[in-house]
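Student: Enclosed is the structure file data35.pdb (PDB, C-alpha atoms).
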```
ATOM      1  CA  MET N   1     -18.136 -36.364  16.369
ATOM      2  CA  ARG N   2     -19.635 -38.091  19.438
ATOM      3  CA  LEU N   3     -16.163 -38.222  20.990
ATOM      4  CA  PHE N   4     -15.739 -34.485  20.364
ATOM      5  CA  TRP N   5     -19.014 -33.615  22.078
ATOM      6  CA  ALA N   6     -18.243 -35.992  24.929
ATOM      7  CA  LEU N   7     -15.010 -34.117  25.560
ATOM      8  CA  VAL N   8     -16.767 -30.755  25.375
ATOM      9  CA  ALA N   9     -19.434 -31.916  27.836
ATOM     10  CA  ARG N  10     -16.883 -33.313  30.265
ATOM     11  CA  PHE N  11     -14.737 -30.215  30.696
ATOM     12  CA  HIS N  12     -16.069 -27.098  32.381
ATOM     13  CA  GLN N  13     -13.312 -24.602  31.738
ATOM     14  CA  PRO N  14     -12.816 -22.903  28.329
ATOM     15  CA  ALA N  15      -9.057 -23.461  28.544
ATOM     16  CA  GLN N  16      -9.605 -27.207  28.918
ATOM     17  CA  VAL N  17     -11.807 -27.319  25.825
ATOM     18  CA  ILE N  18      -9.329 -25.303  23.765
ATOM     19  CA  THR N  19      -6.354 -27.405  24.889
ATOM     20  CA  THR N  20      -8.153 -30.708  24.339
ATOM     21  CA  VAL N  21      -9.430 -29.885  20.855
ATOM     22  CA  PHE N  22      -6.046 -28.449  19.923
ATOM     23  CA  GLY N  23      -4.315 -31.631  21.060
ATOM     24  CA  VAL N  24      -6.774 -33.874  19.231
ATOM     25  CA  THR N  25      -6.322 -31.855  16.025
ATOM     26  CA  VAL N  26      -2.529 -32.093  16.227
ATOM     27  CA  LEU N  27      -2.649 -35.836  16.903
ATOM     28  CA  LEU N  28      -5.058 -36.409  14.022
ATOM     29  CA  GLY N  29      -2.825 -34.378  11.721
ATOM     30  CA  THR N  30       0.209 -36.329  12.913
ATOM     31  CA  ALA N  31      -1.516 -39.622  12.168
ATOM     32  CA  LEU N  32      -2.482 -38.500   8.655
ATOM     33  CA  LEU N  33       1.002 -37.159   7.898
ATOM     34  CA  SER N  34       2.515 -40.434   9.148
ATOM     35  CA  SER N  35       0.623 -42.304   6.442
ATOM     36  CA  PRO N  36       2.540 -43.527   3.359
ATOM     37  CA  LEU N  37       0.004 -41.557   1.288
ATOM     38  CA  ALA N  38       1.306 -38.306   2.759
ATOM     39  CA  THR N  39       4.883 -38.521   1.445
ATOM     40  CA  SER N  40       6.153 -38.250  -2.106
ATOM     41  CA  SER N  41       8.391 -41.293  -1.585
ATOM     42  CA  GLY N  42       5.535 -43.504  -0.435
ATOM     43  CA  LYS N  43       7.376 -44.286   2.793
ATOM     44  CA  PRO N  44       5.786 -43.279   6.095
ATOM     45  CA  ALA N  45       7.239 -40.158   7.654
ATOM     46  CA  ASP N  46       8.734 -40.670  11.082
ATOM     47  CA  TRP N  47       6.421 -39.629  13.893
ATOM     48  CA  LEU N  48       8.589 -36.714  15.044
ATOM     49  CA  THR N  49       8.589 -35.105  11.583
ATOM     50  CA  ALA N  50       4.841 -35.623  11.271
ATOM     51  CA  LEU N  51       4.210 -34.277  14.784
ATOM     52  CA  PHE N  52       6.390 -31.204  14.245
ATOM     53  CA  THR N  53       4.776 -30.417  10.882
ATOM     54  CA  ALA N  54       1.241 -30.900  12.192
ATOM     55  CA  THR N  55       1.926 -28.703  15.220
ATOM     56  CA  SER N  56       3.536 -26.022  13.055
ATOM     57  CA  ALA N  57       0.576 -26.035  10.673
ATOM     58  CA  VAL N  58      -2.068 -25.795  13.410
ATOM     59  CA  CYS N  59      -0.065 -23.075  15.170
ATOM     60  CA  VAL N  60       0.425 -21.359  11.777
ATOM     61  CA  ASN N  61       4.067 -20.538  12.445
ATOM     62  CA  GLY N  62       5.575 -21.979   9.243
ATOM     63  CA  LEU N  63       8.511 -23.821  10.813
ATOM     64  CA  THR N  64       9.484 -26.992   8.948
ATOM     65  CA  VAL N  65      12.067 -29.746   9.327
ATOM     66  CA  VAL N  66      11.587 -31.070   5.774
ATOM     67  CA  ASP N  67      10.995 -29.355   2.457
ATOM     68  CA  THR N  68       7.226 -29.083   2.053
ATOM     69  CA  ALA N  69       7.449 -29.007  -1.750
ATOM     70  CA  THR N  70       9.429 -32.225  -2.151
ATOM     71  CA  HIS N  71       8.855 -34.308   0.981
ATOM     72  CA  TRP N  72       5.056 -34.360   1.068
ATOM     73  CA  SER N  73       2.687 -35.725  -1.546
ATOM     74  CA  ALA N  74      -0.431 -33.915  -2.740
ATOM     75  CA  PHE N  75      -2.364 -35.698   0.015
ATOM     76  CA  GLY N  76       0.152 -34.542   2.630
ATOM     77  CA  GLU N  77       0.010 -30.976   1.334
ATOM     78  CA  VAL N  78      -3.790 -30.987   1.523
ATOM     79  CA  VAL N  79      -3.586 -32.239   5.120
ATOM     80  CA  ILE N  80      -1.204 -29.378   5.928
ATOM     81  CA  ALA N  81      -3.531 -26.859   4.276
ATOM     82  CA  VAL N  82      -6.501 -28.158   6.280
ATOM     83  CA  LEU N  83      -4.515 -27.956   9.518
ATOM     84  CA  ILE N  84      -3.525 -24.382   8.650
ATOM     85  CA  GLN N  85      -7.150 -23.513   8.015
ATOM     86  CA  VAL N  86      -8.230 -25.027  11.309
ATOM     87  CA  GLY N  87      -5.502 -23.169  13.168
ATOM     88  CA  GLY N  88      -6.234 -19.928  11.355
ATOM     89  CA  LEU N  89      -9.910 -19.912  12.113
ATOM     90  CA  GLY N  90      -9.189 -20.891  15.675
ATOM     91  CA  ILE N  91     -10.082 -24.143  17.342
ATOM     92  CA  MET N  92     -12.822 -22.604  19.444
ATOM     93  CA  THR N  93     -14.227 -20.638  16.521
ATOM     94  CA  LEU N  94     -14.781 -23.910  14.714
ATOM     95  CA  ALA N  95     -16.157 -25.508  17.862
ATOM     96  CA  THR N  96     -18.615 -22.613  18.211
ATOM     97  CA  VAL N  97     -19.730 -22.957  14.595
ATOM     98  CA  PHE N  98     -20.300 -26.695  15.106
ATOM     99  CA  THR N  99     -22.281 -25.926  18.254
ATOM    100  CA  LEU N 100     -24.521 -23.518  16.356
ATOM    101  CA  LEU N 101     -25.072 -25.985  13.536
ATOM    102  CA  VAL N 102     -25.975 -28.834  15.858
ATOM    103  CA  SER N 103     -27.950 -27.195  18.649
ATOM    104  CA  ARG N 104     -28.691 -23.668  17.389
ATOM    105  CA  ARG N 105     -27.966 -22.577  20.948
ATOM    106  CA  LEU N 106     -24.903 -21.076  22.533
ATOM    107  CA  GLY N 107     -24.193 -21.380  26.227
ATOM    108  CA  LEU N 108     -22.318 -18.857  28.319
ATOM    109  CA  ARG N 109     -19.171 -20.969  28.601
ATOM    110  CA  ALA N 110     -19.046 -21.479  24.824
ATOM    111  CA  ARG N 111     -19.523 -17.728  24.349
ATOM    112  CA  LEU N 112     -16.632 -16.952  26.677
ATOM    113  CA  SER N 113     -14.410 -19.610  25.111
ATOM    114  CA  ALA N 114     -14.993 -18.413  21.572
ATOM    115  CA  GLN N 115     -14.649 -14.806  22.695
ATOM    116  CA  ALA N 116     -11.192 -15.526  24.086
ATOM    117  CA  GLU N 117     -10.076 -17.363  20.960
ATOM    118  CA  THR N 118     -11.365 -14.850  18.406
ATOM    119  CA  LYS N 119     -10.399 -11.762  20.446
ATOM    120  CA  VAL N 120     -13.964 -10.459  20.242
ATOM    121  CA  LEU N 121     -14.310  -7.417  22.479
ATOM    122  CA  ASN N 122     -18.063  -7.654  22.959
ATOM    123  CA  GLY N 123     -19.557 -11.086  23.596
ATOM    124  CA  SER N 124     -23.208  -9.970  23.397
ATOM    125  CA  ASP N 125     -23.658 -11.086  19.815
ATOM    126  CA  LEU N 126     -20.997 -13.732  19.365
ATOM    127  CA  ARG N 127     -23.103 -15.858  17.038
ATOM    128  CA  ARG N 128     -23.239 -13.137  14.405
ATOM    129  CA  VAL N 129     -19.558 -12.306  14.857
ATOM    130  CA  VAL N 130     -18.386 -15.902  14.467
ATOM    131  CA  GLY N 131     -20.427 -16.195  11.271
ATOM    132  CA  LYS N 132     -18.763 -13.074   9.943
ATOM    133  CA  VAL N 133     -15.329 -14.399  10.891
ATOM    134  CA  VAL N 134     -15.835 -17.579   8.880
ATOM    135  CA  VAL N 135     -17.360 -15.810   5.871
ATOM    136  CA  PHE N 136     -14.667 -13.142   5.883
ATOM    137  CA  ASN N 137     -11.893 -15.732   6.129
ATOM    138  CA  LEU N 138     -13.202 -17.849   3.268
ATOM    139  CA  THR N 139     -14.017 -14.838   1.103
ATOM    140  CA  CYS N 140     -10.532 -13.376   1.459
ATOM    141  CA  GLU N 141      -8.945 -16.719   0.710
ATOM    142  CA  ALA N 142     -11.139 -17.102  -2.373
ATOM    143  CA  VAL N 143     -10.129 -13.659  -3.678
ATOM    144  CA  VAL N 144      -6.420 -14.257  -3.001
ATOM    145  CA  GLY N 145      -6.632 -17.744  -4.496
ATOM    146  CA  THR N 146      -8.287 -16.398  -7.644
ATOM    147  CA  VAL N 147      -5.616 -13.746  -8.200
ATOM    148  CA  LEU N 148      -2.770 -16.187  -7.617
ATOM    149  CA  THR N 149      -4.377 -18.857  -9.805
ATOM    150  CA  LEU N 150      -4.760 -16.454 -12.715
ATOM    151  CA  ARG N 151      -1.167 -15.328 -12.326
ATOM    152  CA  PHE N 152       0.232 -18.857 -12.179
ATOM    153  CA  VAL N 153      -1.825 -19.972 -15.198
ATOM    154  CA  LEU N 154      -1.487 -16.886 -17.393
ATOM    155  CA  GLY N 155       1.933 -15.676 -16.294
ATOM    156  CA  TYR N 156       3.815 -18.917 -15.687
ATOM    157  CA  GLY N 157       2.030 -21.387 -17.949
ATOM    158  CA  GLU N 158       0.822 -23.687 -15.193
ATOM    159  CA  PRO N 159      -2.038 -26.042 -16.150
ATOM    160  CA  VAL N 160      -5.380 -24.810 -14.819
ATOM    161  CA  GLY N 161      -5.675 -27.583 -12.246
ATOM    162  CA  ARG N 162      -2.141 -27.092 -10.969
ATOM    163  CA  GLY N 163      -2.530 -23.319 -10.972
ATOM    164  CA  LEU N 164      -5.749 -23.580  -8.961
ATOM    165  CA  TYR N 165      -4.090 -25.929  -6.481
ATOM    166  CA  LEU N 166      -1.110 -23.621  -6.008
ATOM    167  CA  GLY N 167      -3.354 -20.565  -5.763
ATOM    168  CA  LEU N 168      -5.654 -22.001  -3.113
ATOM    169  CA  PHE N 169      -2.850 -23.525  -1.028
ATOM    170  CA  HIS N 170      -0.907 -20.277  -0.869
ATOM    171  CA  ALA N 171      -4.078 -18.282  -0.275
ATOM    172  CA  VAL N 172      -4.783 -20.367   2.827
ATOM    173  CA  SER N 173      -1.149 -20.280   3.905
ATOM    174  CA  SER N 174      -0.745 -16.515   3.436
ATOM    175  CA  PHE N 175      -4.058 -15.289   4.848
ATOM    176  CA  ASN N 176      -3.567 -17.433   7.936
ATOM    177  CA  ASN N 177       0.046 -16.234   8.252
ATOM    178  CA  ALA N 178       1.340 -19.806   8.080
ATOM    179  CA  GLY N 179       4.281 -19.377   5.688
ATOM    180  CA  PHE N 180       4.161 -22.848   4.125
ATOM    181  CA  ALA N 181       5.130 -22.729   0.438
ATOM    182  CA  LEU N 182       5.173 -25.359  -2.297
ATOM    183  CA  TRP N 183       8.532 -24.345  -3.742
ATOM    184  CA  PRO N 184      11.894 -25.229  -2.199
ATOM    185  CA  ASP N 185      12.970 -21.569  -2.313
ATOM    186  CA  SER N 186       9.677 -20.299  -0.846
ATOM    187  CA  MET N 187       8.881 -17.142  -2.885
ATOM    188  CA  VAL N 188      12.388 -16.279  -4.109
ATOM    189  CA  ARG N 189      11.492 -17.025  -7.730
ATOM    190  CA  PHE N 190       8.730 -14.410  -7.515
ATOM    191  CA  ALA N 191      10.830 -11.686  -5.864
ATOM    192  CA  ALA N 192      10.237  -9.210  -8.712
ATOM    193  CA  ASP N 193       6.630 -10.228  -9.470
ATOM    194  CA  PRO N 194       4.199  -7.712  -7.915
ATOM    195  CA  TRP N 195       1.139  -9.834  -8.747
ATOM    196  CA  VAL N 196       2.361 -12.660  -6.544
ATOM    197  CA  CYS N 197       4.295 -10.758  -3.875
ATOM    198  CA  LEU N 198       1.802  -7.952  -3.289
ATOM    199  CA  THR N 199      -1.131 -10.377  -3.250
ATOM    200  CA  VAL N 200       0.567 -12.633  -0.699
ATOM    201  CA  ALA N 201       1.783  -9.665   1.372
ATOM    202  CA  THR N 202      -1.703  -8.103   1.412
ATOM    203  CA  ALA N 203      -3.220 -11.406   2.542
ATOM    204  CA  VAL N 204      -0.665 -11.650   5.348
ATOM    205  CA  ILE N 205      -1.346  -8.071   6.503
ATOM    206  CA  VAL N 206      -5.143  -8.359   6.409
ATOM    207  CA  GLY N 207      -5.099 -11.769   8.062
ATOM    208  CA  GLY N 208      -2.738 -10.494  10.756
ATOM    209  CA  LEU N 209      -4.712  -7.379  11.666
ATOM    210  CA  GLY N 210      -7.354  -9.398  13.487
ATOM    211  CA  TYR N 211     -11.087  -9.638  12.952
ATOM    212  CA  PRO N 212     -12.169  -6.858  15.346
ATOM    213  CA  VAL N 213      -9.916  -4.352  13.564
ATOM    214  CA  VAL N 214     -10.997  -5.418  10.089
ATOM    215  CA  PHE N 215     -14.695  -5.316  10.987
ATOM    216  CA  GLU N 216     -14.339  -1.873  12.538
ATOM    217  CA  LEU N 217     -12.496  -0.559   9.495
ATOM    218  CA  ARG N 218     -15.213  -1.945   7.289
ATOM    219  CA  ARG N 219     -17.847  -0.047   9.265
ATOM    220  CA  SER N 220     -15.992   3.212   9.833
ATOM    221  CA  TRP N 221     -13.074   3.448   7.436
ATOM    222  CA  ARG N 222     -14.108   6.977   6.423
ATOM    223  CA  ARG N 223     -14.328   8.161  10.046
ATOM    224  CA  PRO N 224     -10.962   7.615  11.761
ATOM    225  CA  GLY N 225     -12.126   9.711  14.689
ATOM    226  CA  ARG N 226     -14.531   6.951  15.657
ATOM    227  CA  TRP N 227     -11.956   4.168  15.624
ATOM    228  CA  SER N 228     -11.363   2.355  18.889
ATOM    229  CA  LEU N 229      -8.047   2.491  20.693
ATOM    230  CA  LEU N 230      -7.319  -1.084  19.608
ATOM    231  CA  THR N 231      -7.734  -0.219  15.939
ATOM    232  CA  ARG N 232      -5.635   2.930  16.203
ATOM    233  CA  ILE N 233      -2.785   1.167  17.968
ATOM    234  CA  THR N 234      -2.887  -1.799  15.592
ATOM    235  CA  LEU N 235      -2.818   0.334  12.449
ATOM    236  CA  THR N 236      -0.173   2.698  13.804
ATOM    237  CA  VAL N 237       2.197  -0.046  14.909
ATOM    238  CA  THR N 238       1.632  -2.020  11.690
ATOM    239  CA  THR N 239       2.367   1.014   9.518
ATOM    240  CA  VAL N 240       5.490   1.931  11.472
ATOM    241  CA  LEU N 241       6.842  -1.609  11.365
ATOM    242  CA  LEU N 242       6.179  -2.035   7.651
ATOM    243  CA  ALA N 243       7.592   1.342   6.648
ATOM    244  CA  GLY N 244      10.549   1.079   9.012
ATOM    245  CA  GLY N 245      11.304  -2.501   8.045
ATOM    246  CA  THR N 246      11.166  -1.710   4.338
ATOM    247  CA  LEU N 247      13.546   1.223   4.817
ATOM    248  CA  VAL N 248      15.979  -0.859   6.870
ATOM    249  CA  PHE N 249      16.133  -3.634   4.286
ATOM    250  CA  LEU N 250      16.586  -1.110   1.470
ATOM    251  CA  VAL N 251      19.471   0.557   3.263
ATOM    252  CA  THR N 252      21.262  -2.575   4.431
ATOM    253  CA  GLU N 253      20.747  -4.750   1.341
ATOM    254  CA  TRP N 254      20.727  -2.185  -1.503
ATOM    255  CA  THR N 255      24.174  -3.114  -2.816
ATOM    256  CA  ASN N 256      24.298  -6.728  -1.659
ATOM    257  CA  PRO N 257      24.959  -8.718  -4.874
ATOM    258  CA  ARG N 258      23.287 -11.794  -3.372
ATOM    259  CA  THR N 259      19.959 -10.138  -2.501
ATOM    260  CA  LEU N 260      18.784  -6.698  -3.688
ATOM    261  CA  GLY N 261      21.923  -5.722  -5.608
ATOM    262  CA  PRO N 262      21.020  -7.122  -9.073
ATOM    263  CA  MET N 263      17.446  -5.728  -9.023
ATOM    264  CA  ASP N 264      16.187  -2.441 -10.439
ATOM    265  CA  GLY N 265      14.694   0.200  -8.139
ATOM    266  CA  GLN N 266      11.128  -1.125  -8.358
ATOM    267  CA  GLY N 267      12.261  -4.682  -7.728
ATOM    268  CA  LYS N 268      14.314  -3.616  -4.720
ATOM    269  CA  LEU N 269      11.374  -1.754  -3.211
ATOM    270  CA  LEU N 270       9.033  -4.702  -3.759
ATOM    271  CA  ALA N 271      11.450  -7.247  -2.307
ATOM    272  CA  ALA N 272      12.255  -5.032   0.686
ATOM    273  CA  PHE N 273       8.555  -4.471   1.410
ATOM    274  CA  PHE N 274       7.776  -8.187   1.100
ATOM    275  CA  THR N 275      10.664  -9.007   3.427
ATOM    276  CA  ALA N 276       9.430  -6.417   5.943
ATOM    277  CA  VAL N 277       5.923  -7.923   5.963
ATOM    278  CA  MET N 278       6.900 -11.523   6.565
ATOM    279  CA  PRO N 279       8.663 -11.370   9.981
ATOM    280  CA  ARG N 280       5.337 -10.288  11.517
ATOM    281  CA  SER N 281       4.413 -13.999  11.629
ATOM    282  CA  ALA N 282       4.087 -15.247   8.058
ATOM    283  CA  GLY N 283       7.383 -16.991   7.284
ATOM    284  CA  PHE N 284       7.559 -16.581   3.491
ATOM    285  CA  ASN N 285      10.702 -15.118   1.948
ATOM    286  CA  SER N 286      11.480 -13.689  -1.494
ATOM    287  CA  LEU N 287      15.159 -13.133  -0.672
ATOM    288  CA  ASP N 288      17.659 -15.735   0.456
ATOM    289  CA  ILE N 289      17.906 -14.880   4.142
ATOM    290  CA  THR N 290      21.172 -16.773   4.501
ATOM    291  CA  GLN N 291      22.776 -14.337   2.047
ATOM    292  CA  MET N 292      21.713 -11.193   3.882
ATOM    293  CA  HIS N 293      24.116  -9.009   5.829
ATOM    294  CA  PRO N 294      24.156  -9.728   9.583
ATOM    295  CA  SER N 295      22.677  -6.266  10.199
ATOM    296  CA  SER N 296      19.588  -7.254   8.218
ATOM    297  CA  CYS N 297      19.062 -10.531  10.003
TER
END
```
For the structure just supplied, provide its representation as C-alpha cells.
Tutor:
Amino acid sequence: MRLFWALVARFHQPAQVITTVFGVTVLLGTALLSSPLATSSGKPADWLTALFTATSAVCVNGLTVVDTATHWSAFGEVVIAVLIQVGGLGIMTLATVFTLLVSRRLGLRARLSAQAETKVLNGSDLRRVVGKVVVFNLTCEAVVGTVLTLRFVLGYGEPVGRGLYLGLFHAVSSFNNAGFALWPDSMVRFAADPWVCLTVATAVIVGGLGYPVVFELRRSWRRPGRWSLLTRITLTVTTVLLAGGTLVFLVTEWTNPRTLGPMDGQGKLLAAFFTAVMPRSAGFNSLDITQMHPSSC
C-alpha cells in the first residue's frame, strides 16, 4: 500500500496514475497466474500465457489463449475474477475509493482522474457518485449471482458450493462484460435456457450502458423528455443494435442445422438475441460461432 501511495504522490498527471496502476495490476495478476497454484496441472503457466490472461481480464475483453475451465485451478479462476472486477470498476475508481477511505479528502487531480475513468459528466460531487458506482456494481452482481446460483443448483443439480461459485464468477464476468466462462463451450450448453441466457444477457446490457445512463434512468425513467442527449443516444443505439442483430441472426441462421436449425421458435429467438448481445463487448457465446454461415460472422 505504501508503494501505491508513493506512486500516486510522485506522478502529477491523471494519465500517469491510471497507466501506472493499470500496469502494476497486470503485473501482479501475471505473477499470481504464473504460480503453480493457479493451474489445474500444478505446473507454472508460462509468463506469456499468464500475461495475456491477466491483461485480458483487467481489460475485460474476454480473449483467451487457453481454456479457462480446464487450464486454470480454482485459485487461478479466482485471480481472474478479481482482475475482472478491478478492471470493471475502473482502476481510478478503486484508487478514488481508497483515497476516500484513507484521507477522507479528495483533491482536484484525483477528482479529474476518477471523472475521466468513470465517465462522470459532472465532477462537483464525485465522492457520492463513486460510492454509488461501487454499490451499484456489487448489488447487480449479487442479484445476478443469486439468480444463476439458484438455477445451477435447482435446475442442473450442482452442489450448493459449486453452484454459488459458478453463479458469482459468471455474475462478475457478465456484468463487467468480460466474457470469461468456466465451461469449454462457453454458454452453448445453456442456449435454450432463458434463466441463464437472459440473466447473463441482462447483466451484460446493464453493465455496458454505463453508470451515468443507469443513474439517470433510475431518477427519471418515467420522464423520457428529461433524459440527457447521452442517455437518448445510448438507449437508441443499443436498442437498434440488439433488435437488428437479433433479426440478422434469425434470418441467416434459421435453417442452419449446426446452430439455430434444430431449435424450436422460442429457442431460436433466445439464442439469436443472446448472440446479438454478446458482440457489444461481452464475449460469451451460446452458439458455435465456427459453425455459423459467413454472412453471420
Student: Which residues match the PyMOL selection byres ((chain N and resi 194) around 12) in the file above, as a PDB file with C-alpha atoms, in the frame of the given file?
Tutor:
```
ATOM      1  CA  VAL N 147      -5.616 -13.746  -8.200  1.00  0.00           C
ATOM      2  CA  LEU N 148      -2.770 -16.187  -7.617  1.00  0.00           C
ATOM      3  CA  ARG N 151      -1.167 -15.328 -12.326  1.00  0.00           C
ATOM      4  CA  GLY N 155       1.933 -15.676 -16.294  1.00  0.00           C
ATOM      5  CA  MET N 187       8.881 -17.142  -2.885  1.00  0.00           C
ATOM      6  CA  ARG N 189      11.492 -17.025  -7.730  1.00  0.00           C
ATOM      7  CA  PHE N 190       8.730 -14.410  -7.515  1.00  0.00           C
ATOM      8  CA  ALA N 191      10.830 -11.686  -5.864  1.00  0.00           C
ATOM      9  CA  ALA N 192      10.237  -9.210  -8.712  1.00  0.00           C
ATOM     10  CA  ASP N 193       6.630 -10.228  -9.470  1.00  0.00           C
ATOM     11  CA  TRP N 195       1.139  -9.834  -8.747  1.00  0.00           C
ATOM     12  CA  VAL N 196       2.361 -12.660  -6.544  1.00  0.00           C
ATOM     13  CA  CYS N 197       4.295 -10.758  -3.875  1.00  0.00           C
ATOM     14  CA  LEU N 198       1.802  -7.952  -3.289  1.00  0.00           C
ATOM     15  CA  THR N 199      -1.131 -10.377  -3.250  1.00  0.00           C
ATOM     16  CA  VAL N 200       0.567 -12.633  -0.699  1.00  0.00           C
ATOM     17  CA  ALA N 201       1.783  -9.665   1.372  1.00  0.00           C
ATOM     18  CA  THR N 202      -1.703  -8.103   1.412  1.00  0.00           C
ATOM     19  CA  GLN N 266      11.128  -1.125  -8.358  1.00  0.00           C
ATOM     20  CA  GLY N 267      12.261  -4.682  -7.728  1.00  0.00           C
ATOM     21  CA  LYS N 268      14.314  -3.616  -4.720  1.00  0.00           C
ATOM     22  CA  LEU N 269      11.374  -1.754  -3.211  1.00  0.00           C
ATOM     23  CA  LEU N 270       9.033  -4.702  -3.759  1.00  0.00           C
ATOM     24  CA  ALA N 271      11.450  -7.247  -2.307  1.00  0.00           C
ATOM     25  CA  PHE N 273       8.555  -4.471   1.410  1.00  0.00           C
ATOM     26  CA  PHE N 274       7.776  -8.187   1.100  1.00  0.00           C
ATOM     27  CA  SER N 286      11.480 -13.689  -1.494  1.00  0.00           C
TER      28      SER N 286
END
```
Student: Just the residues within 10 Å of Thr290 of chain N, please, counting only C-alpha atoms, with nothing from its chain fewer than 5 positions along; format it as a list in words.
Tutor: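 Counting only the stated atoms, we get Arg258, Thr259 and Cys297 of chain N.
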Student: So the first atom is atom CA of His170 of chain N and the second is atom CA of Thr19 of chain N; what is the distance between them in Å, to one decimal place?
Tutor: 27.3 Å
Student: List the residues sitting within 12 Å of (9.7, -14.6, 5.9) in the file's frame, using all atoms listed in the file, as a VMD selection string.
Tutor: chain N and resid 61 to 63 174 177 to 181 185 to 188 197 200 to 201 204 271 to 290 297
Student: Please indicate the distance in Å from atom CA of Ala38 of chain N to atom CA of Ala69 of chain N, rounded to one decimal place.
Tutor: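 One can read the atom CA of Ala38 of chain N to atom CA of Ala69 of chain N distance as 12.0 Å.
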Student: Counting all atoms listed in the file, figure out which residue out of N:Val133, N:Leu241, N:Leu247, N:Ala171 gets nearest to Pro212 of chain N.
Tutor: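 Nearest to Pro212 of chain N: N:Val133.
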Student: Given the PyMOL selection byres ((chain N and resi 57) around 10) and the file above, list the residues it selects as a PyMOL selection string.
Tutor: chain N and resi 26+29+51-56+58-64+79-88+173+176+178-180
Student: Report, in Å to a single decimal, how far apart atom CA of Cys140 of chain N and atom CA of Gly244 of chain N are.
Tutor: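 Going from atom CA of Gly244 of chain N over to atom CA of Cys140 of chain N, I get 26.7 Å.
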Student: Can you spell out as number ranges by chain the set of residues that the PyMOL selection byres ((chain N and resi 158-169) around 8) selects in the structure I just provided?
Tutor: N: 78, 81, 141-142, 144-150, 152-154, 156-157, 170-173, 182
Student: Measuring atom to atom with all atoms listed in the file, identify which of N:Gly261, N:Gly245, N:Pro184, N:Gly208 is nearest to Asp67 of chain N.
Tutor: N:Pro184
Student: From the options N:Asn137, N:Thr49, N:Gln291, N:Thr68, which residue's atoms come nearest to Phe215 of chain N, counting all atoms listed in the file?
Tutor: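 Using all atoms listed in the file, the shortest distance to Phe215 of chain N belongs to N:Asn137.
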Student: Counting only C-alpha atoms, find the residues whose atoms lie at most 7 Å from (10.8, -38.3, 4.8) (file coordinates) and write them out as a list in words.
Tutor: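 Those residues lying close to the given coordinates are Thr39, Ala45 and His71 of chain N.
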